[in-house]
$ cat structure24.tsv   # TSV, C-alpha atoms (C1' of nucleotides)
chain	number	residue	atom	x	y	z
G	1	MET	CA	-15.76	34.14	-26.84
G	2	LYS	CA	-17.63	31.58	-24.78
G	3	VAL	CA	-16.98	28.63	-27.05
G	4	ALA	CA	-16.56	25.97	-24.39
G	5	LEU	CA	-20.03	26.08	-22.91
G	6	ALA	CA	-20.88	22.62	-24.15
G	7	THR	CA	-18.36	21.06	-21.76
G	8	PRO	CA	-18.09	23.49	-18.84
G	9	PRO	CA	-15.16	23.06	-16.44
G	10	ASP	CA	-17.56	21.29	-14.11
G	11	THR	CA	-16.18	20.52	-10.67
G	12	ALA	CA	-17.50	17.00	-11.07
G	13	THR	CA	-15.15	16.40	-13.98
G	14	LEU	CA	-12.21	16.66	-11.60
G	15	LEU	CA	-13.48	13.45	-10.00
G	16	ASP	CA	-12.66	11.36	-13.09
G	17	LEU	CA	-10.05	8.69	-12.48
G	18	ASP	CA	-7.72	10.03	-15.14
G	19	LYS	CA	-7.72	13.48	-13.53
G	20	GLN	CA	-6.29	12.17	-10.27
G	21	LEU	CA	-2.63	12.53	-9.32
G	22	CYS	CA	-2.91	10.11	-6.45
G	23	PHE	CA	-4.29	7.18	-8.41
G	24	PRO	CA	-1.35	6.62	-10.81
G	25	LEU	CA	0.94	6.98	-7.82
G	26	TYR	CA	-1.01	4.38	-5.88
G	27	ALA	CA	-1.37	2.01	-8.83
G	28	ALA	CA	2.20	2.34	-10.11
G	29	SER	CA	3.58	1.74	-6.65
G	30	ARG	CA	1.64	-1.51	-6.36
G	31	LEU	CA	2.44	-2.72	-9.87
G	32	LEU	CA	6.14	-1.99	-9.44
G	33	THR	CA	6.18	-3.82	-6.12
G	34	ARG	CA	4.63	-6.83	-7.86
G	35	ILE	CA	7.61	-6.90	-10.22
G	36	TYR	CA	10.01	-6.82	-7.27
G	37	GLN	CA	8.25	-9.68	-5.54
G	38	PRO	CA	9.62	-12.66	-7.54
G	39	LEU	CA	13.17	-11.31	-7.13
G	40	LEU	CA	12.76	-10.82	-3.38
G	41	GLU	CA	10.98	-14.03	-2.51
G	42	ARG	CA	14.16	-15.98	-3.36
G	43	TYR	CA	15.47	-14.57	-0.09
G	44	GLY	CA	12.14	-14.75	1.72
G	45	LEU	CA	11.77	-10.96	1.72
G	46	THR	CA	8.79	-8.68	1.14
G	47	TYR	CA	9.21	-5.25	-0.39
G	48	PRO	CA	8.89	-3.30	2.91
G	49	GLN	CA	11.40	-5.70	4.49
G	50	TYR	CA	13.76	-5.02	1.58
G	51	ILE	CA	13.44	-1.26	2.20
G	52	VAL	CA	14.34	-1.77	5.86
G	53	LEU	CA	17.36	-3.85	4.84
G	54	ILE	CA	18.51	-1.17	2.40
G	55	ILE	CA	18.46	1.28	5.30
G	56	LEU	CA	20.46	-1.11	7.48
G	57	TRP	CA	22.97	-1.91	4.72
G	58	GLU	CA	23.77	1.79	4.64
G	59	LYS	CA	24.16	2.03	8.43
G	60	THR	CA	23.93	-0.61	11.14
G	61	PRO	CA	22.86	-0.59	13.91
G	62	CYS	CA	19.88	1.76	13.72
G	63	SER	CA	17.17	2.50	16.25
G	64	VAL	CA	13.58	1.69	15.32
G	65	THR	CA	12.86	5.42	15.18
G	66	GLU	CA	15.76	6.05	12.79
G	67	ILE	CA	14.47	3.33	10.46
G	68	GLY	CA	10.99	4.78	10.75
G	69	GLU	CA	12.16	8.25	9.78
G	70	ARG	CA	13.95	6.93	6.71
G	71	ALA	CA	11.20	4.55	5.59
G	72	LEU	CA	8.34	6.79	6.73
G	73	LEU	CA	6.83	4.03	8.83
G	74	ASN	CA	5.84	3.98	12.50
G	75	SER	CA	6.33	1.38	15.18
G	76	ASN	CA	2.84	-0.03	14.59
G	77	THR	CA	4.09	-1.24	11.20
G	78	LEU	CA	7.77	-1.66	12.03
G	79	THR	CA	7.62	-3.66	15.25
G	80	PRO	CA	5.92	-6.73	13.72
G	81	LEU	CA	7.99	-6.44	10.52
G	82	LEU	CA	11.24	-6.31	12.51
G	83	LYS	CA	10.14	-9.25	14.66
G	84	ARG	CA	9.67	-11.27	11.47
G	85	LEU	CA	13.14	-10.28	10.22
G	86	GLU	CA	14.52	-11.31	13.60
G	87	GLN	CA	12.78	-14.70	13.36
G	88	GLN	CA	14.40	-15.18	9.97
G	89	GLY	CA	17.82	-14.49	11.48
G	90	VAL	CA	18.42	-11.40	9.35
G	91	ILE	CA	18.60	-8.86	12.19
G	92	THR	CA	18.88	-8.67	15.98
G	93	ARG	CA	16.78	-6.48	18.30
G	94	THR	CA	18.47	-5.25	21.48
G	95	ARG	CA	17.42	-2.70	24.06
G	96	ASP	CA	19.93	0.15	24.17
G	97	SER	CA	21.82	0.02	27.47
G	98	GLY	CA	22.16	3.83	27.54
G	99	ASP	CA	18.47	4.50	26.95
G	100	GLU	CA	16.25	1.57	27.79
G	101	ARG	CA	13.38	2.95	25.68
G	102	VAL	CA	15.35	2.46	22.48
G	103	VAL	CA	15.56	-0.82	20.57
G	104	MET	CA	18.63	-1.06	18.38
G	105	ILE	CA	18.37	-3.06	15.17
G	106	ALA	CA	21.56	-4.63	13.84
G	107	LEU	CA	22.27	-6.87	10.86
G	108	THR	CA	23.36	-10.43	11.54
G	109	GLU	CA	26.04	-12.07	9.41
G	110	HIS	CA	23.24	-13.51	7.30
G	111	GLY	CA	21.68	-10.04	6.96
G	112	ARG	CA	24.99	-8.60	5.84
G	113	ALA	CA	25.46	-11.45	3.35
G	114	LEU	CA	22.07	-10.74	1.79
G	115	LYS	CA	23.42	-7.42	0.54
G	116	SER	CA	25.70	-9.00	-2.04
G	117	LYS	CA	22.93	-11.37	-3.09
G	118	CYS	CA	20.56	-8.41	-3.60
G	119	ALA	CA	23.20	-6.33	-5.38
G	120	CYS	CA	21.89	-7.41	-8.78
G	121	ILE	CA	18.28	-6.44	-8.05
G	122	PRO	CA	18.39	-2.78	-9.18
G	123	THR	CA	20.00	-3.72	-12.50
G	124	GLU	CA	17.74	-6.73	-12.93
G	125	MET	CA	14.65	-4.62	-12.22
G	126	GLN	CA	15.73	-2.01	-14.75
G	127	LYS	CA	16.16	-4.75	-17.34
G	128	ARG	CA	12.82	-6.41	-16.60
G	129	LEU	CA	11.02	-3.10	-16.54
G	130	GLY	CA	12.39	-1.84	-19.85
G	131	PHE	CA	11.25	1.73	-19.22
G	132	ASP	CA	13.11	4.52	-21.04
G	133	PRO	CA	16.01	5.39	-18.65
G	134	ASP	CA	15.81	9.12	-19.39
G	135	LYS	CA	12.15	9.17	-18.48
G	136	ALA	CA	12.82	7.08	-15.41
G	137	ILE	CA	15.40	9.62	-14.24
G	138	ALA	CA	13.04	12.52	-14.91
G	139	LEU	CA	10.28	10.70	-13.04
G	140	LYS	CA	12.56	9.94	-10.12
G	141	GLN	CA	13.66	13.57	-9.83
G	142	LEU	CA	10.08	14.84	-9.80
G	143	LEU	CA	9.05	12.13	-7.36
G	144	ASP	CA	11.93	12.95	-5.03
G	145	GLU	CA	10.92	16.58	-5.05
G	146	PHE	CA	7.30	15.67	-4.46
G	147	LEU	CA	8.29	13.40	-1.59
G	148	ARG	CA	10.37	16.17	-0.01
G	149	HIS	CA	7.33	18.40	-0.25
G	150	LEU	CA	5.09	15.74	1.32
G	151	ARG	CA	7.59	15.14	4.13
G	152	ALA	CA	7.61	18.85	4.95
G	153	HIS	CA	3.82	18.89	4.78
G	154	ALA	CA	3.63	15.90	7.12
G	155	SER	CA	5.93	17.45	9.73
G	156	ASP	CA	3.92	20.69	9.53
G	157	HIS	CA	0.77	18.83	10.46
G	158	LEU	CA	2.09	17.15	13.57
G	159	ALA	CA	1.63	20.27	15.69
L	1	MET	CA	41.98	8.14	-17.92
L	2	LYS	CA	40.90	6.13	-14.90
L	3	VAL	CA	40.22	9.08	-12.66
L	4	ALA	CA	37.18	7.71	-10.85
L	5	LEU	CA	38.85	4.78	-9.13
L	6	ALA	CA	38.38	6.30	-5.69
L	7	THR	CA	34.60	5.91	-5.96
L	8	PRO	CA	34.05	3.13	-8.48
L	9	PRO	CA	30.49	2.67	-9.82
L	10	ASP	CA	30.10	-0.15	-7.35
L	11	THR	CA	26.99	-2.25	-7.83
L	12	ALA	CA	26.38	-1.98	-4.10
L	13	THR	CA	25.90	1.77	-4.43
L	14	LEU	CA	22.76	1.17	-6.45
L	15	LEU	CA	21.25	-0.33	-3.30
L	16	ASP	CA	21.19	3.05	-1.50
L	17	LEU	CA	17.72	4.26	-0.63
L	18	ASP	CA	18.09	7.48	-2.59
L	19	LYS	CA	18.99	5.55	-5.74
L	20	GLN	CA	15.67	3.71	-5.80
L	21	LEU	CA	12.79	4.65	-8.07
L	22	CYS	CA	10.31	2.44	-6.26
L	23	PHE	CA	10.83	3.90	-2.81
L	24	PRO	CA	9.69	7.50	-3.48
L	25	LEU	CA	6.74	6.03	-5.35
L	26	TYR	CA	5.84	3.81	-2.41
L	27	ALA	CA	6.40	6.52	0.19
L	28	ALA	CA	4.70	9.34	-1.72
L	29	SER	CA	1.68	7.17	-2.37
L	30	ARG	CA	1.28	6.46	1.33
L	31	LEU	CA	1.88	10.04	2.45
L	32	LEU	CA	-0.58	11.40	-0.10
L	33	THR	CA	-3.20	8.88	0.99
L	34	ARG	CA	-2.72	10.07	4.58
L	35	ILE	CA	-3.65	13.58	3.46
L	36	TYR	CA	-6.81	12.27	1.77
L	37	GLN	CA	-7.86	10.38	4.87
L	38	PRO	CA	-9.28	13.25	6.98
L	39	LEU	CA	-11.32	14.44	3.98
L	40	LEU	CA	-12.68	10.97	3.26
L	41	GLU	CA	-13.48	9.85	6.78
L	42	ARG	CA	-16.26	12.45	6.95
L	43	TYR	CA	-18.14	10.10	4.64
L	44	GLY	CA	-16.78	6.93	6.22
L	45	LEU	CA	-14.63	6.15	3.18
L	46	THR	CA	-11.11	4.80	2.83
L	47	TYR	CA	-8.92	5.77	-0.11
L	48	PRO	CA	-9.40	2.49	-2.07
L	49	GLN	CA	-13.15	2.78	-1.49
L	50	TYR	CA	-13.01	6.32	-2.87
L	51	ILE	CA	-11.22	5.03	-6.00
L	52	VAL	CA	-13.97	2.45	-6.54
L	53	LEU	CA	-16.62	5.15	-6.14
L	54	ILE	CA	-14.86	7.39	-8.68
L	55	ILE	CA	-15.07	4.52	-11.14
L	56	LEU	CA	-18.78	4.01	-10.40
L	57	TRP	CA	-19.54	7.74	-10.61
L	58	GLU	CA	-18.22	7.62	-14.16
L	59	LYS	CA	-20.30	4.56	-15.06
L	60	THR	CA	-22.84	2.55	-13.08
L	61	PRO	CA	-23.46	-0.33	-12.93
L	62	CYS	CA	-20.09	-2.04	-13.41
L	63	SER	CA	-19.09	-5.66	-13.03
L	64	VAL	CA	-16.48	-6.53	-10.40
L	65	THR	CA	-14.05	-7.35	-13.21
L	66	GLU	CA	-14.56	-3.98	-14.88
L	67	ILE	CA	-13.85	-2.21	-11.59
L	68	GLY	CA	-10.83	-4.41	-11.11
L	69	GLU	CA	-9.42	-3.55	-14.51
L	70	ARG	CA	-9.79	0.17	-13.87
L	71	ALA	CA	-8.49	0.12	-10.30
L	72	LEU	CA	-5.91	-2.63	-10.93
L	73	LEU	CA	-7.29	-4.73	-8.12
L	74	ASN	CA	-8.46	-8.35	-8.09
L	75	SER	CA	-11.47	-9.97	-6.47
L	76	ASN	CA	-9.43	-10.99	-3.43
L	77	THR	CA	-9.18	-7.29	-2.56
L	78	LEU	CA	-12.40	-6.08	-4.17
L	79	THR	CA	-14.91	-8.59	-2.82
L	80	PRO	CA	-14.45	-7.65	0.85
L	81	LEU	CA	-14.16	-3.94	0.00
L	82	LEU	CA	-17.39	-4.05	-2.01
L	83	LYS	CA	-19.16	-5.95	0.76
L	84	ARG	CA	-18.23	-3.16	3.16
L	85	LEU	CA	-19.54	-0.52	0.75
L	86	GLU	CA	-22.72	-2.56	0.47
L	87	GLN	CA	-23.06	-2.69	4.26
L	88	GLN	CA	-22.74	1.09	4.33
L	89	GLY	CA	-25.57	1.39	1.81
L	90	VAL	CA	-23.38	3.01	-0.84
L	91	ILE	CA	-23.69	0.29	-3.49
L	92	THR	CA	-25.70	-2.82	-4.30
L	93	ARG	CA	-24.31	-6.18	-5.43
L	94	THR	CA	-26.50	-8.25	-7.77
L	95	ARG	CA	-25.80	-11.39	-9.78
L	96	ASP	CA	-26.20	-10.69	-13.49
L	97	SER	CA	-29.25	-12.55	-14.76
L	98	GLY	CA	-27.64	-13.06	-18.18
L	99	ASP	CA	-24.40	-14.49	-16.83
L	100	GLU	CA	-24.70	-15.83	-13.32
L	101	ARG	CA	-20.94	-15.69	-12.77
L	102	VAL	CA	-20.96	-11.88	-12.93
L	103	VAL	CA	-21.76	-9.63	-9.98
L	104	MET	CA	-22.95	-6.19	-11.02
L	105	ILE	CA	-22.16	-3.27	-8.72
L	106	ALA	CA	-24.52	-0.30	-8.82
L	107	LEU	CA	-24.61	2.95	-6.86
L	108	THR	CA	-27.49	3.47	-4.46
L	109	GLU	CA	-29.12	6.88	-4.10
L	110	HIS	CA	-26.79	7.49	-1.18
L	111	GLY	CA	-23.79	6.46	-3.30
L	112	ARG	CA	-24.85	8.85	-6.04
L	113	ALA	CA	-25.35	11.64	-3.52
L	114	LEU	CA	-21.81	11.17	-2.21
L	115	LYS	CA	-20.49	12.38	-5.54
L	116	SER	CA	-21.55	15.97	-4.99
L	117	LYS	CA	-20.25	15.85	-1.43
L	118	CYS	CA	-16.87	14.64	-2.69
L	119	ALA	CA	-16.79	17.14	-5.56
L	120	CYS	CA	-14.69	19.57	-3.51
L	121	ILE	CA	-12.03	16.98	-2.62
L	122	PRO	CA	-9.70	17.42	-5.64
L	123	THR	CA	-9.64	21.20	-5.20
L	124	GLU	CA	-9.33	20.92	-1.43
L	125	MET	CA	-6.46	18.45	-1.76
L	126	GLN	CA	-4.63	20.72	-4.18
L	127	LYS	CA	-5.00	23.58	-1.72
L	128	ARG	CA	-3.86	21.55	1.28
L	129	LEU	CA	-0.96	20.07	-0.63
L	130	GLY	CA	0.39	23.38	-1.93
L	131	PHE	CA	2.62	21.70	-4.51
L	132	ASP	CA	3.63	23.74	-7.57
L	133	PRO	CA	0.82	23.03	-10.09
L	134	ASP	CA	3.19	22.96	-13.07
L	135	LYS	CA	5.34	20.34	-11.40
L	136	ALA	CA	2.25	18.41	-10.38
L	137	ILE	CA	1.13	18.31	-14.01
L	138	ALA	CA	4.57	17.24	-15.21
L	139	LEU	CA	4.66	14.56	-12.52
L	140	LYS	CA	1.20	13.32	-13.42
L	141	GLN	CA	2.09	13.05	-17.11
L	142	LEU	CA	5.23	11.04	-16.41
L	143	LEU	CA	3.37	8.88	-13.91
L	144	ASP	CA	0.57	8.19	-16.39
L	145	GLU	CA	3.11	7.14	-18.98
L	146	PHE	CA	4.91	4.97	-16.44
L	147	LEU	CA	1.63	3.38	-15.41
L	148	ARG	CA	0.75	2.63	-19.04
L	149	HIS	CA	4.13	0.97	-19.37
L	150	LEU	CA	3.58	-1.07	-16.20
L	151	ARG	CA	0.11	-2.11	-17.34
L	152	ALA	CA	1.54	-3.38	-20.62
L	153	HIS	CA	4.32	-5.14	-18.71
L	154	ALA	CA	1.79	-6.76	-16.40
L	155	SER	CA	-0.38	-8.09	-19.23
L	156	ASP	CA	2.77	-9.44	-20.95
L	157	HIS	CA	3.59	-11.48	-17.91
L	158	LEU	CA	0.26	-13.22	-17.57
L	159	ALA	CA	1.08	-15.76	-20.29
V	1	DA	C1'	-25.40	-33.44	-25.76
V	2	DG	C1'	-21.09	-33.75	-23.24
V	3	DC	C1'	-16.92	-32.52	-21.28
V	4	DG	C1'	-12.50	-30.21	-20.67
V	5	DA	C1'	-10.94	-25.37	-20.68
V	6	DT	C1'	-11.88	-20.79	-19.49
V	7	DT	C1'	-13.94	-17.10	-16.82
V	8	DA	C1'	-15.97	-14.52	-12.72
V	9	DT	C1'	-16.11	-14.25	-8.16
V	10	DA	C1'	-15.14	-15.84	-3.52
V	11	DT	C1'	-12.23	-17.58	0.20
V	12	DC	C1'	-7.99	-18.30	2.87
V	13	DG	C1'	-3.66	-16.95	4.79
V	14	DC	C1'	-0.14	-13.80	5.64
V	15	DA	C1'	1.91	-9.29	5.69
V	16	DC	C1'	1.54	-4.66	5.64
V	17	DA	C1'	-0.53	0.35	6.92
V	18	DA	C1'	-2.11	3.42	10.09
V	19	DG	C1'	-5.12	5.58	13.86
V	20	DA	C1'	-5.74	5.06	18.72
V	21	DT	C1'	-4.07	3.80	22.92
V	22	DA	C1'	-0.83	1.66	26.44
V	23	DT	C1'	3.51	1.31	28.87
V	24	DA	C1'	7.80	2.24	30.42
V	25	DA	C1'	11.92	5.18	30.43
V	26	DT	C1'	13.87	9.73	30.25
V	27	DC	C1'	13.74	14.73	30.44
V	28	DG	C1'	12.89	19.33	32.29
V	29	DC	C1'	11.57	22.28	35.57
V	30	DT	C1'	11.09	23.87	40.09
P	1	DA	C1'	14.46	14.85	44.78
P	2	DG	C1'	9.93	14.86	42.60
P	3	DC	C1'	6.62	14.99	39.18
P	4	DG	C1'	4.29	16.24	34.90
P	5	DA	C1'	5.55	16.23	29.97
P	6	DT	C1'	7.86	13.99	26.39
P	7	DT	C1'	9.80	10.10	23.94
P	8	DA	C1'	10.42	5.20	22.17
P	9	DT	C1'	8.27	1.12	21.41
P	10	DA	C1'	4.48	-2.01	21.64
P	11	DT	C1'	-0.32	-3.46	21.15
P	12	DC	C1'	-5.05	-3.51	19.28
P	13	DT	C1'	-8.21	-3.01	15.62
P	14	DT	C1'	-9.78	-2.31	11.00
P	15	DG	C1'	-8.90	-2.39	6.20
P	16	DT	C1'	-6.37	-3.29	2.49
P	17	DG	C1'	-3.09	-6.10	-0.98
P	18	DC	C1'	-2.09	-10.19	-3.05
P	19	DG	C1'	-0.59	-15.19	-4.04
P	20	DA	C1'	-2.89	-19.45	-3.98
P	21	DT	C1'	-6.77	-22.05	-4.29
P	22	DA	C1'	-11.89	-23.12	-4.55
P	23	DT	C1'	-16.36	-23.02	-6.78
P	24	DA	C1'	-19.70	-22.38	-9.96
P	25	DA	C1'	-21.17	-20.82	-14.58
P	26	DT	C1'	-20.17	-20.47	-19.39
P	27	DC	C1'	-17.71	-21.53	-23.61
P	28	DG	C1'	-15.76	-24.32	-27.32
P	29	DC	C1'	-15.08	-28.23	-29.59
P	30	DT	C1'	-16.22	-32.58	-31.28
$ encode --input "structure24.tsv" --output "structure tokens"
Amino acid sequence: MKVALATPPDTATLLDLDKQLCFPLYAASRLLTRIYQPLLERYGLTYPQYIVLIILWEKTPCSVTEIGERALLNSNTLTPLLKRLEQQGVITRTRDSGDERVVMIALTEHGRALKSKCACIPTEMQKRLGFDPDKAIALKQLLDEFLRHLRAHASDHLA
Amino acid sequence: MKVALATPPDTATLLDLDKQLCFPLYAASRLLTRIYQPLLERYGLTYPQYIVLIILWEKTPCSVTEIGERALLNSNTLTPLLKRLEQQGVITRTRDSGDERVVMIALTEHGRALKSKCACIPTEMQKRLGFDPDKAIALKQLLDEFLRHLRAHASDHLA
DNA sequence: AGCGATTATATCGCACAAGATATAATCGCT
DNA sequence: AGCGATTATATCTTGTGCGATATAATCGCT
């Protein structure tokens, strides 16, 4: 029963914007970051800087490589970002005495203090966003799984 | 029955990286774009340029504003990007004779021809990615809904 | 017709991203 | 011990993103 001949599953159709998986990911990531921005700029932070701080609030000090593995960023992005955080007095950068290649990043007192100031951000974001919490949890679970898959894919393609 | 006192639902806990919704979105978007890159660079395209072309392949010509509404980008990002596409001979930029404020973007012959060359990209990406198609569909549906929500949120906060 | 408000695009400045390459320190093997 | 390979960061370049502002064209209202 060839009833669908009028609109064949043309390969070209797959190129429509609303067929893409990557586009809503790309767009949603940017739009969500825009909502973070007004909350973060109170403390002079950008979103990537906030991510780095979250990593350091969990464990300090960290090497640049450790931060990079967690945030999925390389030194070409991290080095300038960390220098800016150092300028702002949020972190310190020190060469590891055991291995002089390594730069250890540690929170300053100010950096540590920012944690309690930022503590309200997740709740505040949830409130501002007003997205159904059940759906948000489902989305997060799928995204986490997808990210695990992408991480594995990325490490495959280093060799 | 206060049994959970040992690990109270501390606000600080919400600041852990694996509690964030935005981070997997941000990271997955970047990792996925990295997988697109080798496919796109054959045609000298970046991922945002590819998005703009997808929009134009669906409808040409388009005004800069129309493209911006679809791609969720403003002229500060689009103008330079479109100038680069123009340099590469993929599009043309012409002032609208009816309304001199508007710049109309149209595909060139080369730009049109790129569509058939890029037709294999969605399928090729799916193959390279190797992510469970059912989960990909579920993820896309949730992401689309989330993006609709974010769009509505964004337009609310213009006033 | 005239003029303030709106709209479309452009420009500027700063901060990511990420590929390519450089540099210095450490490791591993003989 | 010595030296080529690996590792950790840094640097350079190009291309976004985006807030803020500029500029020119059009609209709306009297």
$ residues_near_point --input "structure24.tsv" --point "(-5.6, -0.3, 10.0)" --cutoff "6 Å" --atoms "all atoms listed in the file" --output "short mmCIF file (atom, residue, chain, number, x, y, z; two decimals) with C-alpha atoms (C1' of nucleotides), in the coordinates of the input"
data_model
loop_
_atom_site.label_atom_id
_atom_site.label_comp_id
_atom_site.auth_asym_id
_atom_site.auth_seq_id
_atom_site.Cartn_x
_atom_site.Cartn_y
_atom_site.Cartn_z
"C1'" DA V 17 -0.53 0.35 6.92
"C1'" DA V 18 -2.11 3.42 10.09
"C1'" DT P 14 -9.78 -2.31 11.00
"C1'" DG P 15 -8.90 -2.39 6.20
#
$ closest_atom_pairs --input "structure24.tsv" --of "chain P" --to "chain G" --cutoff "12 Å" --atoms "all atoms listed in the file" --output "Markdown table"
| residue | atom | partner | partner_atom | distance |
| --- | --- | --- | --- | --- |
| P:DT7 | C1' | G:Arg101 | CA | 8.2 |
| P:DA8 | C1' | G:Arg101 | CA | 5.1 |
| P:DT9 | C1' | G:Ser75 | CA | 6.5 |
| P:DA10 | C1' | G:Thr79 | CA | 7.3 |
| P:DT11 | C1' | G:Asn76 | CA | 8.0 |
| P:DC12 | C1' | G:Asn76 | CA | 9.8 |
| P:DT13 | C1' | G:Asn76 | CA | 11.5 |
| P:DG17 | C1' | G:Arg30 | CA | 8.5 |
| P:DC18 | C1' | G:Arg34 | CA | 8.9 |
| P:DG19 | C1' | G:Gln37 | CA | 10.5 |
$ write_last_selection --input "structure24.tsv" --atoms "C-alpha atoms (C1' of nucleotides)" --output "PDB file, in the frame of the given file"
ATOM      1  C1'  DT P   7       9.800  10.100  23.940  1.00  0.00           C
ATOM      2  C1'  DA P   8      10.420   5.200  22.170  1.00  0.00           C
ATOM      3  C1'  DT P   9       8.270   1.120  21.410  1.00  0.00           C
ATOM      4  C1'  DA P  10       4.480  -2.010  21.640  1.00  0.00           C
ATOM      5  C1'  DT P  11      -0.320  -3.460  21.150  1.00  0.00           C
ATOM      6  C1'  DC P  12      -5.050  -3.510  19.280  1.00  0.00           C
ATOM      7  C1'  DT P  13      -8.210  -3.010  15.620  1.00  0.00           C
ATOM      8  C1'  DG P  17      -3.090  -6.100  -0.980  1.00  0.00           C
ATOM      9  C1'  DC P  18      -2.090 -10.190  -3.050  1.00  0.00           C
ATOM     10  C1'  DG P  19      -0.590 -15.190  -4.040  1.00  0.00           C
TER      11       DG P  19
END
$ closest_atom_pairs --input "structure24.tsv" --of "chain L" --to "chain G" --cutoff "6 Å" --atoms "all atoms listed in the file" --output "tab-separated table"
residue	atom	partner	partner_atom	distance
L:Ala12	CA	G:Ala119	CA	5.5
L:Leu21	CA	G:Lys140	CA	5.7
L:Leu25	CA	G:Ser29	CA	5.5
L:Tyr26	CA	G:Ser29	CA	5.2
L:Ala28	CA	G:Leu147	CA	5.4
L:Ser29	CA	G:Tyr26	CA	5.2
L:Ala119	CA	G:Ala12	CA	5.6
L:Lys140	CA	G:Leu21	CA	5.7
L:Leu147	CA	G:Ala28	CA	5.4
$ closest_atom_pairs --input "structure24.tsv" --of "chain V" --to "chain G" --cutoff "12 Å" --atoms "all atoms listed in the file" --output "JSON lines"
{"residue": "V:DC14", "atom": "C1'", "partner": "G:Thr46", "partner_atom": "CA", "distance": 11.2}
{"residue": "V:DA15", "atom": "C1'", "partner": "G:Thr46", "partner_atom": "CA", "distance": 8.3}
{"residue": "V:DC16", "atom": "C1'", "partner": "G:Thr77", "partner_atom": "CA", "distance": 7.0}
{"residue": "V:DA17", "atom": "C1'", "partner": "G:Thr77", "partner_atom": "CA", "distance": 6.5}
{"residue": "V:DA18", "atom": "C1'", "partner": "G:Asn76", "partner_atom": "CA", "distance": 7.5}
{"residue": "V:DG19", "atom": "C1'", "partner": "G:Asn76", "partner_atom": "CA", "distance": 9.8}
{"residue": "V:DA20", "atom": "C1'", "partner": "G:Asn76", "partner_atom": "CA", "distance": 10.8}
{"residue": "V:DT21", "atom": "C1'", "partner": "G:Asn76", "partner_atom": "CA", "distance": 11.5}
{"residue": "V:DT23", "atom": "C1'", "partner": "G:Arg101", "partner_atom": "CA", "distance": 10.5}
{"residue": "V:DA24", "atom": "C1'", "partner": "G:Arg101", "partner_atom": "CA", "distance": 7.4}
{"residue": "V:DA25", "atom": "C1'", "partner": "G:Arg101", "partner_atom": "CA", "distance": 5.4}
{"residue": "V:DT26", "atom": "C1'", "partner": "G:Asp99", "partner_atom": "CA", "distance": 7.7}
{"residue": "V:DC27", "atom": "C1'", "partner": "G:Asp99", "partner_atom": "CA", "distance": 11.8}
$ atom_distance --input "structure24.tsv" --atom1 "atom C1' of DA8 of chain V" --atom2 "atom CA of Gly89 of chain L"
23.6 Å
$ atom_distance --input "structure24.tsv" --atom1 "atom CA of Met104 of chain G" --atom2 "atom C1' of DT6 of chain P"
20.2 Å
$ atom_distance --input "structure24.tsv" --atom1 "atom CA of Glu109 of chain L" --atom2 "atom C1' of DT16 of chain P"
25.8 Å
$ residues_around --input "structure24.tsv" --residues "DT23 of chain P" --least-positions-apart "5" --cutoff "10 Å" --atoms "all atoms listed in the file" --output "PyMOL selection string"
chain V and resi 9-11
$ write_last_selection --input "structure24.tsv" --atoms "C-alpha atoms (C1' of nucleotides)" --output "short mmCIF file (atom, residue, chain, number, x, y, z; two decimals), keeping the file's coordinate frame"
data_model
loop_
_atom_site.label_atom_id
_atom_site.label_comp_id
_atom_site.auth_asym_id
_atom_site.auth_seq_id
_atom_site.Cartn_x
_atom_site.Cartn_y
_atom_site.Cartn_z
"C1'" DT V 9 -16.11 -14.25 -8.16
"C1'" DA V 10 -15.14 -15.84 -3.52
"C1'" DT V 11 -12.23 -17.58 0.20
#
$ residues_around --input "structure24.tsv" --residues "DT30 of chain P" --least-positions-apart "2" --cutoff "12 Å" --atoms "only C-alpha atoms (C1' of nucleotides)" --output "list in words"
DA1, DG2, DC3 and DG4 of chain V; DG28 of chain P
$ write_last_selection --input "structure24.tsv" --atoms "C-alpha atoms (C1' of nucleotides)" --output "compact mmCIF listing (two decimals), in the frame of the given file"
# COMPACT_ATOMS: atom_id res chain seq x y z
C1' DA V 1 -25.40 -33.44 -25.76
C1' DG V 2 -21.09 -33.75 -23.24
C1' DC V 3 -16.92 -32.52 -21.28
C1' DG V 4 -12.50 -30.21 -20.67
C1' DG P 28 -15.76 -24.32 -27.32
